[in-house]
Structure formats: structure tokens, C-alpha cells
file final_16.cif (mmCIF, C-alpha atoms)
data_coords
#
loop_
_atom_site.label_atom_id
_atom_site.label_comp_id
_atom_site.auth_asym_id
_atom_site.auth_seq_id
_atom_site.Cartn_x
_atom_site.Cartn_y
_atom_site.Cartn_z
CA MET D 1 -183.99 -88.31 -15.79
CA ASN D 2 -183.73 -85.51 -18.24
CA LEU D 3 -182.80 -82.14 -16.86
CA LEU D 4 -183.82 -80.37 -20.04
CA SER D 5 -187.42 -81.42 -19.77
CA LEU D 6 -187.43 -80.27 -16.19
CA LEU D 7 -187.13 -76.63 -17.03
CA GLY D 8 -190.89 -76.58 -17.23
CA GLY D 9 -191.74 -78.12 -13.90
CA ASP D 10 -190.22 -76.09 -11.13
CA ALA D 11 -190.86 -78.32 -8.15
CA ASP D 12 -189.85 -81.38 -10.09
CA MET D 13 -186.62 -79.77 -11.18
CA ARG D 14 -185.80 -78.67 -7.69
CA GLY D 15 -186.25 -82.21 -6.46
CA GLN D 16 -184.04 -83.65 -9.18
CA LEU D 17 -181.33 -81.09 -8.70
CA LYS D 18 -181.34 -81.76 -5.00
CA GLU D 19 -180.96 -85.46 -5.59
CA ARG D 20 -178.13 -84.97 -8.12
CA ARG D 21 -176.40 -82.60 -5.76
CA ALA D 22 -176.49 -85.20 -3.01
CA ARG D 23 -174.95 -87.78 -5.33
CA LEU D 24 -172.23 -85.43 -6.52
CA TYR D 25 -171.50 -84.53 -2.94
CA ARG D 26 -171.26 -88.16 -1.91
CA VAL D 27 -168.73 -89.01 -4.61
CA ALA D 28 -166.77 -85.80 -4.03
CA TYR D 29 -166.67 -86.69 -0.36
CA SER D 30 -165.36 -90.16 -1.11
CA TRP D 31 -162.54 -88.55 -3.11
CA CYS D 32 -161.39 -85.91 -0.68
CA HIS D 33 -162.94 -86.88 2.69
CA ASP D 34 -163.42 -83.22 3.47
CA ARG D 35 -166.98 -82.01 3.97
CA ALA D 36 -166.46 -78.38 3.07
CA LEU D 37 -164.38 -79.13 -0.01
CA ALA D 38 -166.79 -81.83 -1.18
CA ASP D 39 -169.67 -79.39 -0.81
CA ASP D 40 -167.83 -76.75 -2.82
CA LEU D 41 -166.98 -79.27 -5.52
CA ALA D 42 -170.57 -80.47 -5.85
CA GLN D 43 -171.81 -76.91 -5.98
CA GLU D 44 -169.24 -75.89 -8.58
CA ALA D 45 -169.99 -78.93 -10.73
CA LEU D 46 -173.71 -78.22 -10.68
CA ALA D 47 -173.21 -74.54 -11.43
CA ARG D 48 -170.94 -75.32 -14.37
CA GLY D 49 -173.34 -78.00 -15.54
CA LEU D 50 -176.30 -75.63 -15.52
CA ALA D 51 -174.32 -72.91 -17.26
CA ARG D 52 -173.27 -75.29 -20.03
CA LEU D 53 -176.45 -77.28 -20.29
CA HIS D 54 -176.76 -76.32 -23.95
CA GLN D 55 -173.48 -78.14 -24.69
CA LEU D 56 -174.91 -81.47 -23.60
CA ARG D 57 -175.62 -83.31 -26.82
CA ASP D 58 -177.22 -86.48 -25.57
CA PRO D 59 -179.57 -85.92 -22.61
CA ALA D 60 -179.28 -89.59 -21.68
CA GLN D 61 -175.63 -88.95 -20.88
CA LEU D 62 -176.47 -86.29 -18.32
CA ASP D 63 -175.17 -88.23 -15.37
CA SER D 64 -171.79 -89.17 -16.73
CA TRP D 65 -171.50 -85.66 -18.13
CA LEU D 66 -172.08 -84.13 -14.69
CA PHE D 67 -169.55 -86.45 -13.09
CA LYS D 68 -167.04 -85.58 -15.76
CA ILE D 69 -167.51 -81.94 -14.80
CA LEU D 70 -167.02 -82.92 -11.18
CA HIS D 71 -163.76 -84.63 -12.11
CA ASN D 72 -162.62 -81.47 -13.90
CA CYS D 73 -163.53 -79.32 -10.91
CA TRP D 74 -161.50 -81.66 -8.76
CA ARG D 75 -158.47 -81.27 -10.99
CA ASP D 76 -158.89 -77.50 -11.20
CA CYS D 77 -158.95 -77.40 -7.46
CA PHE D 78 -155.43 -78.84 -7.54
CA ARG D 79 -154.22 -76.62 -10.32
CA CYS D 80 -154.89 -73.45 -8.37
CA GLN D 81 -152.52 -74.62 -5.69
CA LYS D 82 -149.17 -73.13 -6.50
CA GLY D 83 -145.77 -74.65 -6.52
CA PHE D 84 -146.63 -77.92 -8.16
CA GLN D 85 -146.11 -78.41 -11.86
CA ASP D 86 -147.69 -81.80 -12.17
CA VAL D 87 -151.24 -82.36 -11.04
CA ASP D 88 -150.80 -86.10 -10.56
CA GLU D 89 -147.83 -85.51 -8.34
CA LEU D 90 -149.82 -83.15 -6.17
CA GLU D 91 -152.74 -85.54 -5.92
CA ASP D 92 -150.42 -88.20 -4.61
CA TYR D 93 -148.77 -85.78 -2.27
CA GLN D 94 -151.98 -84.49 -0.80
CA TYR D 95 -154.13 -87.52 -0.59
CA ALA D 96 -152.00 -90.61 -0.42
CA HIS D 97 -150.53 -90.33 3.02
CA ASP D 98 -151.34 -92.21 6.18
CA ASP D 99 -152.88 -89.34 8.07
CA THR D 100 -156.55 -89.12 7.18
CA PRO D 101 -159.30 -86.94 8.63
CA GLU D 102 -161.33 -90.08 9.06
CA HIS D 103 -161.11 -90.59 12.78
CA ILE D 104 -163.05 -87.35 13.15
CA HIS D 105 -166.20 -89.15 12.16
CA SER D 106 -166.60 -92.12 14.39
CA ARG D 107 -169.98 -93.48 13.57
CA SER D 108 -169.98 -97.20 13.06
CA GLN D 109 -166.73 -99.05 12.98
CA VAL D 110 -167.31 -100.58 9.58
CA VAL D 111 -168.12 -97.26 7.95
CA ASP D 112 -165.06 -95.81 9.57
CA ARG D 113 -162.81 -98.61 8.43
CA VAL D 114 -164.14 -98.47 4.89
CA ARG D 115 -163.55 -94.74 4.61
CA THR D 116 -160.07 -95.02 6.07
CA ALA D 117 -159.20 -97.80 3.67
CA VAL D 118 -160.59 -95.86 0.69
CA ALA D 119 -158.72 -92.75 1.76
CA LEU D 120 -155.49 -94.73 1.67
CA LEU D 121 -155.93 -95.74 -1.97
CA PRO D 122 -154.09 -93.76 -4.64
CA MET D 123 -156.33 -91.14 -6.20
CA GLY D 124 -156.71 -92.91 -9.55
CA GLN D 125 -157.91 -96.14 -7.97
CA ARG D 126 -160.15 -94.27 -5.54
CA GLN D 127 -161.96 -92.42 -8.28
CA VAL D 128 -162.57 -95.50 -10.39
CA LEU D 129 -163.74 -97.51 -7.41
CA THR D 130 -166.16 -94.91 -6.08
CA LEU D 131 -167.67 -94.14 -9.47
CA ILE D 132 -168.39 -97.83 -10.00
CA ASP D 133 -169.45 -98.79 -6.48
CA LEU D 134 -171.33 -95.68 -5.46
CA GLU D 135 -172.75 -94.47 -8.74
CA GLU D 136 -172.86 -97.79 -10.59
CA PHE D 137 -171.45 -96.40 -13.77
CA SER D 138 -170.37 -98.91 -16.39
CA TYR D 139 -166.67 -99.35 -17.15
CA ASN D 140 -167.13 -97.45 -20.40
CA GLN D 141 -168.77 -94.51 -18.70
CA VAL D 142 -166.03 -94.33 -16.07
CA ALA D 143 -163.40 -94.43 -18.81
CA GLU D 144 -165.13 -91.51 -20.45
CA ILE D 145 -165.60 -89.51 -17.25
CA LEU D 146 -161.97 -89.83 -16.20
CA GLU D 147 -160.64 -89.74 -19.76
CA ILE D 148 -158.63 -92.95 -19.40
CA PRO D 149 -158.74 -96.22 -21.38
CA VAL D 150 -161.15 -98.96 -20.29
CA GLY D 151 -158.20 -101.28 -19.65
CA THR D 152 -156.87 -98.78 -17.12
CA VAL D 153 -160.27 -98.62 -15.45
CA MET D 154 -160.24 -102.39 -15.05
CA SER D 155 -156.71 -102.63 -13.75
CA ARG D 156 -157.16 -99.75 -11.31
CA LEU D 157 -160.38 -101.24 -10.05
CA CYS D 158 -158.72 -104.61 -9.65
CA ARG D 159 -155.81 -103.19 -7.69
CA GLY D 160 -158.08 -100.97 -5.61
CA ARG D 161 -160.36 -103.83 -4.61
CA GLN D 162 -157.36 -106.00 -3.88
CA SER D 163 -155.93 -103.55 -1.37
CA LEU D 164 -159.35 -102.97 0.16
CA LYS D 165 -159.76 -106.71 0.49
CA VAL D 166 -156.50 -106.95 2.38
CA ARG D 167 -157.31 -104.02 4.65
CA LEU D 168 -160.97 -104.70 5.28
CA ILE D 169 -161.37 -108.42 5.25
CA GLU D 170 -158.10 -110.24 5.63
CA LEU D 171 -156.48 -108.02 8.24
CA ALA D 172 -159.08 -106.75 10.64
CA PRO D 173 -161.62 -109.38 11.68
CA GLN D 174 -159.27 -112.34 11.76
CA ALA D 175 -156.63 -110.71 13.92
CA LYS D 176 -157.77 -112.75 16.89
CA ALA D 177 -157.74 -116.04 15.08
CA ALA D 178 -154.25 -115.40 13.79
CA ALA D 179 -153.02 -114.65 17.27
CA LEU D 180 -154.52 -117.89 18.57
CA ARG D 181 -153.01 -119.93 15.80
CA SER D 182 -149.54 -118.81 16.80
CA VAL D 183 -149.97 -120.20 20.30
CA LYS D 184 -148.60 -123.69 20.66
CA MET Y 185 -159.38 -128.66 -16.90
CA LYS Y 186 -158.54 -125.33 -15.43
CA PRO Y 187 -159.80 -122.31 -17.34
CA GLU Y 188 -157.89 -119.13 -16.50
CA ILE Y 189 -160.12 -116.60 -14.79
CA SER Y 190 -158.34 -113.35 -14.07
CA GLN Y 191 -159.01 -110.98 -11.20
CA GLU Y 192 -160.19 -108.43 -13.74
CA GLN Y 193 -162.82 -110.87 -14.93
CA LEU Y 194 -164.02 -111.57 -11.43
CA ASN Y 195 -164.38 -107.84 -10.86
CA ALA Y 196 -166.17 -107.40 -14.16
CA PHE Y 197 -168.53 -110.19 -13.16
CA ILE Y 198 -169.63 -108.59 -9.92
CA ASP Y 199 -170.00 -105.25 -11.69
CA GLY Y 200 -172.22 -106.84 -14.34
CA GLU Y 201 -169.77 -106.12 -17.14
CA LEU Y 202 -169.34 -109.63 -18.55
CA ASP Y 203 -171.14 -110.72 -21.69
CA LEU Y 204 -173.03 -114.00 -21.95
CA ILE Y 205 -170.16 -116.14 -23.21
CA GLU Y 206 -167.73 -114.91 -20.58
CA LYS Y 207 -170.32 -115.37 -17.87
CA ASP Y 208 -170.92 -118.91 -19.04
CA ARG Y 209 -167.23 -119.66 -18.88
CA LEU Y 210 -167.06 -118.25 -15.37
CA PHE Y 211 -169.97 -120.34 -14.13
CA VAL Y 212 -168.34 -123.48 -15.49
CA ALA Y 213 -165.11 -122.56 -13.73
CA LEU Y 214 -166.98 -121.88 -10.49
CA GLU Y 215 -168.52 -125.32 -10.34
CA GLY Y 216 -165.33 -127.17 -9.65
CA ASN Y 217 -163.50 -124.43 -7.80
CA PRO Y 218 -164.60 -123.42 -4.31
CA GLU Y 219 -161.52 -121.21 -3.97
CA LEU Y 220 -162.69 -119.12 -6.90
CA ALA Y 221 -166.17 -118.89 -5.43
CA HIS Y 222 -164.68 -117.68 -2.19
CA GLN Y 223 -162.68 -115.00 -3.99
CA LEU Y 224 -165.80 -113.87 -5.77
CA CYS Y 225 -167.66 -113.69 -2.52
CA THR Y 226 -164.95 -111.61 -0.89
CA LEU Y 227 -164.84 -109.18 -3.80
CA ARG Y 228 -168.56 -108.77 -3.66
CA ALA Y 229 -168.34 -108.10 0.07
CA VAL Y 230 -165.73 -105.41 -0.60
CA LYS Y 231 -167.98 -103.78 -3.16
CA GLU Y 232 -170.90 -103.82 -0.75
CA MET Y 233 -168.75 -102.42 2.02
CA VAL Y 234 -167.65 -99.48 -0.10
CA SER Y 235 -171.19 -98.54 -1.00
CA HIS Y 236 -172.20 -99.02 2.62
CA GLY Y 237 -169.34 -96.79 3.75
CA TYR Y 238 -170.72 -93.86 1.79
CA ALA Y 239 -174.43 -94.57 1.97
CA ASP Y 240 -174.80 -91.80 4.46
CA PRO Y 241 -171.99 -89.27 4.05
CA PRO Y 242 -171.61 -86.65 6.78
CA PRO Y 243 -173.76 -83.64 6.03
CA ALA Y 244 -172.14 -80.63 4.47
CA HIS Y 245 -172.31 -77.49 6.54
CA ARG Y 246 -175.12 -75.55 4.95
CA ASN Y 247 -176.76 -72.45 6.28
CA ASN Y 248 -180.46 -72.83 5.88
CA ARG Y 249 -181.67 -69.85 7.79
CA PRO Y 250 -185.28 -68.84 7.13
CA ARG Y 251 -185.49 -66.19 4.50
CA GLN Y 252 -187.68 -63.61 6.25
CA PHE Y 253 -185.35 -63.50 9.19
CA ALA Y 254 -182.42 -62.90 6.89
CA MET Y 255 -184.26 -60.07 5.16
CA SER Y 256 -185.05 -58.18 8.37
CA HIS Y 257 -181.49 -58.81 9.47
CA TYR Y 258 -180.13 -57.20 6.30
CA LEU Y 259 -182.54 -54.33 6.66
CA ALA Y 260 -181.36 -53.58 10.19
CA THR Y 261 -177.74 -53.74 9.10
CA ALA Y 262 -178.42 -51.40 6.22
CA MET Y 263 -180.16 -48.90 8.48
CA VAL Y 264 -177.30 -48.87 10.96
CA LEU Y 265 -174.89 -48.38 8.08
CA VAL Y 266 -176.86 -45.45 6.65
CA LEU Y 267 -177.13 -43.87 10.09
CA GLY Y 268 -173.40 -44.25 10.67
CA LEU Y 269 -172.55 -42.76 7.30
CA ALA Y 270 -174.87 -39.81 7.89
CA ILE Y 271 -173.36 -39.07 11.28
CA GLY Y 272 -169.88 -39.38 9.89
CA TRP Y 273 -170.66 -37.05 7.00
CA LEU Y 274 -172.31 -34.44 9.22
CA GLY Y 275 -169.57 -34.61 11.79
CA ARG Y 276 -166.61 -34.33 9.41
CA ASP Y 277 -164.17 -31.49 9.76
CA TRP Y 278 -165.50 -28.74 7.48
CA SER Y 279 -162.47 -26.47 8.02
CA SER Y 280 -159.85 -28.77 6.51
CA PRO Y 281 -159.15 -28.31 2.83
CA PRO Y 282 -160.33 -31.07 0.54
CA ARG Y 283 -157.98 -34.00 0.28
CA PRO Y 284 -155.27 -33.52 -2.33
CA ALA Y 285 -156.27 -35.11 -5.57
CA GLN Y 286 -152.89 -36.81 -5.76
CA LEU Y 287 -154.02 -39.82 -3.82
CA THR Y 288 -156.87 -40.62 -6.12
CA GLN Y 289 -154.61 -40.00 -9.06
CA ASN Y 290 -152.07 -42.43 -7.68
CA HIS Y 291 -154.78 -44.90 -7.15
CA ALA Y 292 -155.99 -44.48 -10.69
CA ALA Y 293 -152.44 -44.92 -11.96
CA MET Y 294 -152.14 -48.16 -10.02
CA LEU Y 295 -155.32 -49.47 -11.51
CA ARG Y 296 -154.69 -48.33 -15.03
CA PRO Y 297 -155.03 -51.12 -17.52
CA ILE Y 298 -151.81 -52.37 -18.99
CA SER Y 299 -151.63 -52.26 -22.71
CA LEU Y 300 -148.87 -53.22 -25.06
CA ALA Y 301 -150.52 -51.54 -28.01
CA GLY Y 302 -148.09 -49.27 -29.82
CA VAL Y 303 -145.04 -50.92 -28.24
CA LYS Y 304 -142.39 -51.66 -30.81
CA PRO Y 305 -141.05 -55.13 -30.14
CA ASP Y 306 -137.31 -55.47 -29.98
CA THR Y 307 -136.08 -59.04 -30.33
CA ARG Y 308 -132.61 -58.12 -29.22
CA LYS Y 309 -133.74 -57.35 -25.72
CA ILE Y 310 -134.86 -60.43 -23.88
CA VAL Y 311 -136.37 -61.11 -20.49
CA LEU Y 312 -135.95 -64.66 -19.25
CA HIS Y 313 -138.33 -65.47 -16.42
CA VAL Y 314 -137.83 -68.45 -14.11
CA ASP Y 315 -140.16 -69.37 -11.24
CA SER Y 316 -139.11 -72.93 -10.63
CA ASP Y 317 -136.09 -74.47 -8.94
CA GLN Y 318 -136.26 -77.71 -10.90
CA PRO Y 319 -132.80 -78.59 -12.21
CA VAL Y 320 -134.23 -79.15 -15.70
CA LYS Y 321 -135.65 -75.63 -15.84
CA LEU Y 322 -132.45 -74.05 -14.57
CA LYS Y 323 -130.43 -75.97 -17.12
CA THR Y 324 -132.77 -74.79 -19.87
CA LEU Y 325 -132.31 -71.25 -18.63
CA PHE Y 326 -128.54 -71.40 -18.94
CA ASP Y 327 -128.79 -73.16 -22.28
CA ASP Y 328 -130.93 -70.27 -23.51
CA VAL Y 329 -128.46 -67.73 -22.17
CA ASP Y 330 -125.56 -69.53 -23.85
CA TYR Y 331 -127.43 -69.76 -27.09
CA LEU Y 332 -128.30 -66.06 -27.09
CA LEU Y 333 -124.76 -65.00 -26.26
CA GLN Y 334 -123.34 -67.29 -28.90
CA HIS Y 335 -125.83 -66.04 -31.43
CA GLN Y 336 -124.72 -62.52 -30.66
CA THR Y 337 -121.11 -63.24 -31.54
CA THR Y 338 -121.90 -65.14 -34.73
CA ALA Y 339 -124.55 -62.78 -36.04
CA GLY Y 340 -122.82 -59.68 -34.82
CA ARG Y 341 -125.99 -58.33 -33.25
CA PRO Y 342 -125.75 -57.23 -29.65
CA VAL Y 343 -128.34 -58.64 -27.30
CA GLN Y 344 -129.43 -57.53 -23.88
CA ILE Y 345 -130.54 -60.25 -21.47
CA GLU Y 346 -132.28 -59.93 -18.15
CA VAL Y 347 -132.93 -62.98 -16.02
CA ILE Y 348 -135.82 -62.49 -13.59
CA ALA Y 349 -136.30 -65.00 -10.79
CA ASN Y 350 -139.23 -65.30 -8.43
CA ASN Y 351 -141.11 -67.87 -6.37
CA TYR Y 352 -139.11 -71.11 -6.25
CA GLY Y 353 -136.89 -69.72 -8.99
CA LEU Y 354 -135.40 -67.29 -6.50
CA ASP Y 355 -133.17 -70.13 -5.30
CA LEU Y 356 -131.12 -69.48 -8.41
CA LEU Y 357 -129.97 -66.15 -6.99
CA ARG Y 358 -129.71 -67.12 -3.33
CA ALA Y 359 -126.04 -67.32 -2.37
CA ASP Y 360 -126.54 -70.17 0.09
CA VAL Y 361 -128.61 -72.52 -2.05
CA THR Y 362 -127.84 -71.86 -5.71
CA PRO Y 363 -125.84 -74.49 -7.54
CA TYR Y 364 -124.93 -71.90 -10.17
CA ALA Y 365 -123.01 -69.25 -8.17
CA ALA Y 366 -119.76 -69.70 -10.08
CA ARG Y 367 -121.57 -69.76 -13.41
CA ILE Y 368 -123.44 -66.54 -12.72
CA ASP Y 369 -120.27 -64.86 -11.50
CA GLU Y 370 -118.46 -65.89 -14.67
CA LEU Y 371 -121.30 -64.70 -16.92
CA ALA Y 372 -121.52 -61.35 -15.14
CA ARG Y 373 -117.75 -60.81 -15.43
CA GLN Y 374 -117.48 -61.76 -19.09
CA HIS Y 375 -120.59 -60.00 -20.35
CA THR Y 376 -121.89 -56.59 -19.52
CA ASN Y 377 -125.14 -57.21 -21.34
CA ILE Y 378 -126.62 -59.74 -18.94
CA SER Y 379 -128.24 -58.89 -15.64
CA PHE Y 380 -129.94 -60.85 -12.90
CA VAL Y 381 -133.01 -59.58 -11.09
CA ALA Y 382 -134.58 -61.04 -7.95
CA CYS Y 383 -138.21 -60.53 -7.00
CA GLY Y 384 -138.44 -58.34 -3.91
CA GLN Y 385 -141.84 -59.71 -3.03
CA THR Y 386 -140.54 -63.26 -2.87
CA VAL Y 387 -137.62 -62.09 -0.73
CA ARG Y 388 -140.02 -60.38 1.66
CA ARG Y 389 -142.28 -63.40 1.81
CA LEU Y 390 -139.40 -65.75 2.59
CA THR Y 391 -138.04 -63.36 5.22
CA LYS Y 392 -141.46 -63.26 6.81
CA GLU Y 393 -141.52 -67.06 6.87
CA GLY Y 394 -138.24 -66.96 8.78
CA VAL Y 395 -135.91 -67.90 5.92
CA LYS Y 396 -132.77 -65.80 5.76
CA VAL Y 397 -132.33 -64.69 2.17
CA GLU Y 398 -128.82 -63.89 1.05
CA LEU Y 399 -128.62 -62.91 -2.59
CA LEU Y 400 -125.67 -63.15 -4.92
CA PRO Y 401 -123.82 -59.84 -5.33
CA GLN Y 402 -124.67 -59.89 -9.06
CA ALA Y 403 -128.41 -59.82 -8.40
CA ARG Y 404 -130.44 -56.65 -8.39
CA VAL Y 405 -133.71 -56.60 -6.45
CA ALA Y 406 -136.85 -55.31 -8.15
CA PRO Y 407 -139.96 -54.50 -6.07
CA THR Y 408 -141.91 -57.28 -7.78
CA ALA Y 409 -141.07 -59.64 -10.59
CA ILE Y 410 -144.37 -59.02 -12.32
CA GLY Y 411 -143.86 -55.25 -12.20
CA GLU Y 412 -140.39 -55.62 -13.65
CA ILE Y 413 -141.63 -57.88 -16.44
CA ILE Y 414 -144.43 -55.49 -17.34
CA ASN Y 415 -142.03 -52.55 -17.41
CA ARG Y 416 -139.70 -54.44 -19.71
CA LEU Y 417 -142.53 -55.51 -21.98
CA GLN Y 418 -143.69 -51.94 -22.26
CA GLN Y 419 -140.18 -50.95 -23.23
CA GLY Y 420 -140.43 -53.43 -26.07
CA TRP Y 421 -138.52 -56.33 -24.56
CA THR Y 422 -139.24 -59.90 -25.57
CA TYR Y 423 -140.47 -62.22 -22.82
CA ILE Y 424 -139.48 -65.85 -22.50
CA LYS Y 425 -140.78 -68.02 -19.67
CA VAL Y 426 -138.34 -70.79 -18.94
#
call {"tool": "encode", "arguments": {"input": "final_16.cif", "output": "C-alpha cells"}}
result
Amino acid sequence: MNLLSLLGGDADMRGQLKERRARLYRVAYSWCHDRALADDLAQEALARGLARLHQLRDPAQLDSWLFKILHNCWRDCFRCQKGFQDVDELEDYQYAHDDTPEHIHSRSQVVDRVRTAVALLPMGQRQVLTLIDLEEFSYNQVAEILEIPVGTVMSRLCRGRQSLKVRLIELAPQAKAAALRSVK
Amino acid sequence: MKPEISQEQLNAFIDGELDLIEKDRLFVALEGNPELAHQLCTLRAVKEMVSHGYADPPPAHRNNRPRQFAMSHYLATAMVLVLGLAIGWLGRDWSSPPRPAQLTQNHAAMLRPISLAGVKPDTRKIVLHVDSDQPVKLKTLFDDVDYLLQHQTTAGRPVQIEVIANNYGLDLLRADVTPYAARIDELARQHTNISFVACGQTVRRLTKEGVKVELLPQARVAPTAIGEIINRLQQGWTYIKV
């Protein structure tokens, strides 16, 4: 759990870092749906985390601290793109359109549909949702990681789940039934 | 009896964020309300689906080549490089005079660090830099110009203004897109102490992208906006980014 105590045990530390890296990668992937970018983000977050390990006051907060760094890396990645003044505007521009790279990975249909639906969510909702569902952070931790009020976390989560519900459950599987119902 | 249970509360319930009292209230509400139970079930399914969707993310492309192979690979590359350098050195033309030192000097001059130490600032000479085509920014630019010119007449101190435009800001000086052509013309005719400079690099970039750039006759083209700004700063000008 505690990275600081790991500095002694080399093998142990390597294992833990590997595991953290995988988790960072998974969340980064759920934000951008781009393997290379997600890998870079996870790597950058870990590197920054290790470099600033001395700034971590409470070792128990390591996880949320690392994900906060990941969030910052994600925003920096937007900032270095020129021509946009407002980061939020760029996030919407880049990642809230219909064309997603999802169809590239056709594994199981459900996984595919979930990722497509998540990719269609606005960035704010997507981040809240993935941090809670994938990493099981509490609402307070998510609020701290993303630097937004808890109320915003709750409302974004609520809206995000609502649109996922429509896309994943109400629309897809019952398409047949709806078609039948319209036949007289 | 119909206690209000909000969507937020349902979400908080499945995320384990409700405290005992709230949970109690929710369970009471659930008893007589199958619709609510159904909603709860659906939300939980959505949550499960999301975590299922990313349980096994596609692997990142990582190069995990065995180390020893990489080492020998590097060694071979290094040896070829050394051999090539040696052959090149031995086979060079011994009769030609050594390269003029000018090139290296030029190079050194290009890389020299820029320092503003010892520059005497002059607040009457002002560079206004604009790199955005947002109407708000352009308006601010002209407000600043007006203010400076007005200030000059009231305070009786002459000012010198140079407006430098690059990136998106270049639109200001492009004859076919600028909304301010008449304004710039008027300013240039009434005042001799204001000049407009376009960034040559931006012009070249746009031309390369296939955009035909037609500048206003009042605009002068500098090789690069950054170079122009640094020159001005070293001459003691004051820099304002709009």
C-alpha cells in the first residue's frame, strides 16, 4: 500500500509499481481511448509521482494523489496543443464527437458498446464515472482529484449514468421488442 | 406516503456513499416501490458494465526486447559508426583550406543567449503583440492603441507603437479577412508613430498550407514575430501581450 516503505524491498516495489501503472493506464485509456496516449499519460504520471514522492504528506492518500497527477498530466497534454485558449473548450472539441476509435477494437460486443458509450460522454462526466466505477474512489476523493465540489461529482455521475443507461440498456437490447410492438 | 428519492441518492447508494439514516430511508421507500427497485437495478447494471468494459484494456505497445540482445545491437551500431567516421576522416580532402570560421561564428551568434541586462527600459516605446483572432482580443488591442495615442496628446509625451501580429492574430493584417482594414488605414494616415508588423513565419506557414495571404499595404513583414519582439526588447521597448 505504501510506496515509501517499498523503497527497501526491490522486488516488492517493482510489483507494486507495475500494478499501479496498469491501473493508471486503464483509467487513462478510459479517458482518451487511445493506447499510445494512455501509455504516455500513465508513464508521465508515475514519473512525476516518483520525482515528487517527498511532497506526499499522507502516505495513505497515495492512490488519489497519483490519480490527481494523472489528471494534471491529462490537462497538460491539452495545454501544449496550440490555438486553443480554453482547455475545457478543447476537451469538448477533441473528445465529444461521434467519431470514436472504438470500432478498431472489436472484442466482445458488450465491451465495445460500453467503450463507445463512455467515449460519447462529455469529458467531465467521463472522468468522474471512470474514477468511481473503475478505481472505486469515494465521492470525496474524486472531488479532490479533479478539484471540483462534491455536488458536481454527484450531478456529473448522475447525468453520466443516465446517458449510459439510455445507450446501453434502453436502446440496444430491446430494439427488437420495440419493433414488434409497433406491428398491429 | 411517498418519500422523495433522487437519482443522486440512488447513485450514492450503489456506490456505497449513503450513511445509515439515508440507507434506512431508501430501504423503506424500496419496499412499496418496484419501479424504484427496477431503477436501482438498472443503475447497478450500468456500473457493472462500465467496470466490465475496462476490465481488460487493450495492451499498450511496449517494447520488451531482451536486454542482452539490445546491448550487442548497440555495440555493433557503435562499431559501424566508429569505422565510418574513421574512413571519412582519413579520406577527407587534405588539400582544401580549413573551413572559414565564419560559419561557426554565425552558428554561435544564433545560439547566443538573449539577455536584457543593461537594457534601459523606455516606456514611451511600446510593442503590442497579438496572436489571437478573437474579437475580444482585437477590440482590446485597439482600445490600448487609442488609450496610448490619447495619453500622448494629453500628457504631451510622444509614444511609438508597434503592433506585431502572428499565429491566428495575423488575420488582423490580412486584407481579405480583417474586420479592421478601414481602422488600420485611418490610424496609419493620422499617426506616423504607429506601425503594423506581420510575422513572416506565419505567412510562410499559411502559404505552405495553401492559404493565399494578402496583407494590408500598411503592414511590414518581419522574418519572425519572436525575432522582432526580441530586437525591440533589446532596444528598450516595452512589451504588452494583448
call {"tool": "resolve_selection", "arguments": {"input": "final_16.cif", "expression": "the PyMOL selection byres ((chain Y) within 10 of (chain D))", "output": "ChimeraX atom specification"}}
result
/Y:190-196,199-201,223,226-246,315-318,351-352
call {"tool": "atom_distance", "arguments": {"input": "final_16.cif", "atom1": "CA of Val347 (chain Y)", "atom2": "CA of His313 (chain Y)"}}
result
6.0 Å
call {"tool": "residues_around", "arguments": {"input": "final_16.cif", "residues": "region 319-329 of chain Y", "least_positions_apart": "4", "cutoff": "10 Å", "atoms": "all atoms listed in the file", "output": "number ranges by chain"}}
result
Y: 310, 312-315, 333-335, 345-347, 353, 356, 363-364, 367-368, 371, 378, 424-426
call {"tool": "residues_around", "arguments": {"input": "final_16.cif", "residues": "region 384-399 of chain Y", "least_positions_apart": "5", "cutoff": "6 Å", "atoms": "all atoms listed in the file", "output": "ChimeraX atom specification"}}
result
/Y:351,357-359,405-408
call {"tool": "atom_distance", "arguments": {"input": "final_16.cif", "atom1": "CA of Trp31 (chain D)", "atom2": "CA of Gly49 (chain D)"}}
result
19.6 Å
call {"tool": "axis_aligned_box", "arguments": {"input": "final_16.cif", "around": "region 38-42 of chain D", "padding_each_side": "3 Å", "output": "lines of an AutoDock Vina configuration file"}}
result
center_x = -168.7
center_y = -79.3
center_z = -3.3
size_x = 9.8
size_y = 11.1
size_z = 11.0
call {"tool": "resolve_selection", "arguments": {"input": "final_16.cif", "expression": "the PyMOL selection byres ((chain Y and resi 303) around 9)", "output": "ChimeraX atom specification"}}
result
/Y:299-302,304-305,417-420
call {"tool": "resolve_selection", "arguments": {"input": "final_16.cif", "expression": "the PyMOL selection byres ((chain D and resi 45) around 9)", "output": "PDB file with C-alpha atoms, keeping the file's coordinate frame"}}
result
ATOM      1  CA  ARG D  21    -176.400 -82.600  -5.760  1.00  0.00           C
ATOM      2  CA  LEU D  24    -172.230 -85.430  -6.520  1.00  0.00           C
ATOM      3  CA  ASP D  40    -167.830 -76.750  -2.820  1.00  0.00           C
ATOM      4  CA  LEU D  41    -166.980 -79.270  -5.520  1.00  0.00           C
ATOM      5  CA  ALA D  42    -170.570 -80.470  -5.850  1.00  0.00           C
ATOM      6  CA  GLN D  43    -171.810 -76.910  -5.980  1.00  0.00           C
ATOM      7  CA  GLU D  44    -169.240 -75.890  -8.580  1.00  0.00           C
ATOM      8  CA  LEU D  46    -173.710 -78.220 -10.680  1.00  0.00           C
ATOM      9  CA  ALA D  47    -173.210 -74.540 -11.430  1.00  0.00           C
ATOM     10  CA  ARG D  48    -170.940 -75.320 -14.370  1.00  0.00           C
ATOM     11  CA  GLY D  49    -173.340 -78.000 -15.540  1.00  0.00           C
ATOM     12  CA  LEU D  50    -176.300 -75.630 -15.520  1.00  0.00           C
ATOM     13  CA  LEU D  66    -172.080 -84.130 -14.690  1.00  0.00           C
ATOM     14  CA  PHE D  67    -169.550 -86.450 -13.090  1.00  0.00           C
ATOM     15  CA  LYS D  68    -167.040 -85.580 -15.760  1.00  0.00           C
ATOM     16  CA  ILE D  69    -167.510 -81.940 -14.800  1.00  0.00           C
ATOM     17  CA  LEU D  70    -167.020 -82.920 -11.180  1.00  0.00           C
ATOM     18  CA  HIS D  71    -163.760 -84.630 -12.110  1.00  0.00           C
ATOM     19  CA  ASN D  72    -162.620 -81.470 -13.900  1.00  0.00           C
ATOM     20  CA  CYS D  73    -163.530 -79.320 -10.910  1.00  0.00           C
TER      21      CYS D  73
END
call {"tool": "atom_distance", "arguments": {"input": "final_16.cif", "atom1": "CA of Gln374 (chain Y)", "atom2": "CA of Ala349 (chain Y)"}}
result
20.8 Å
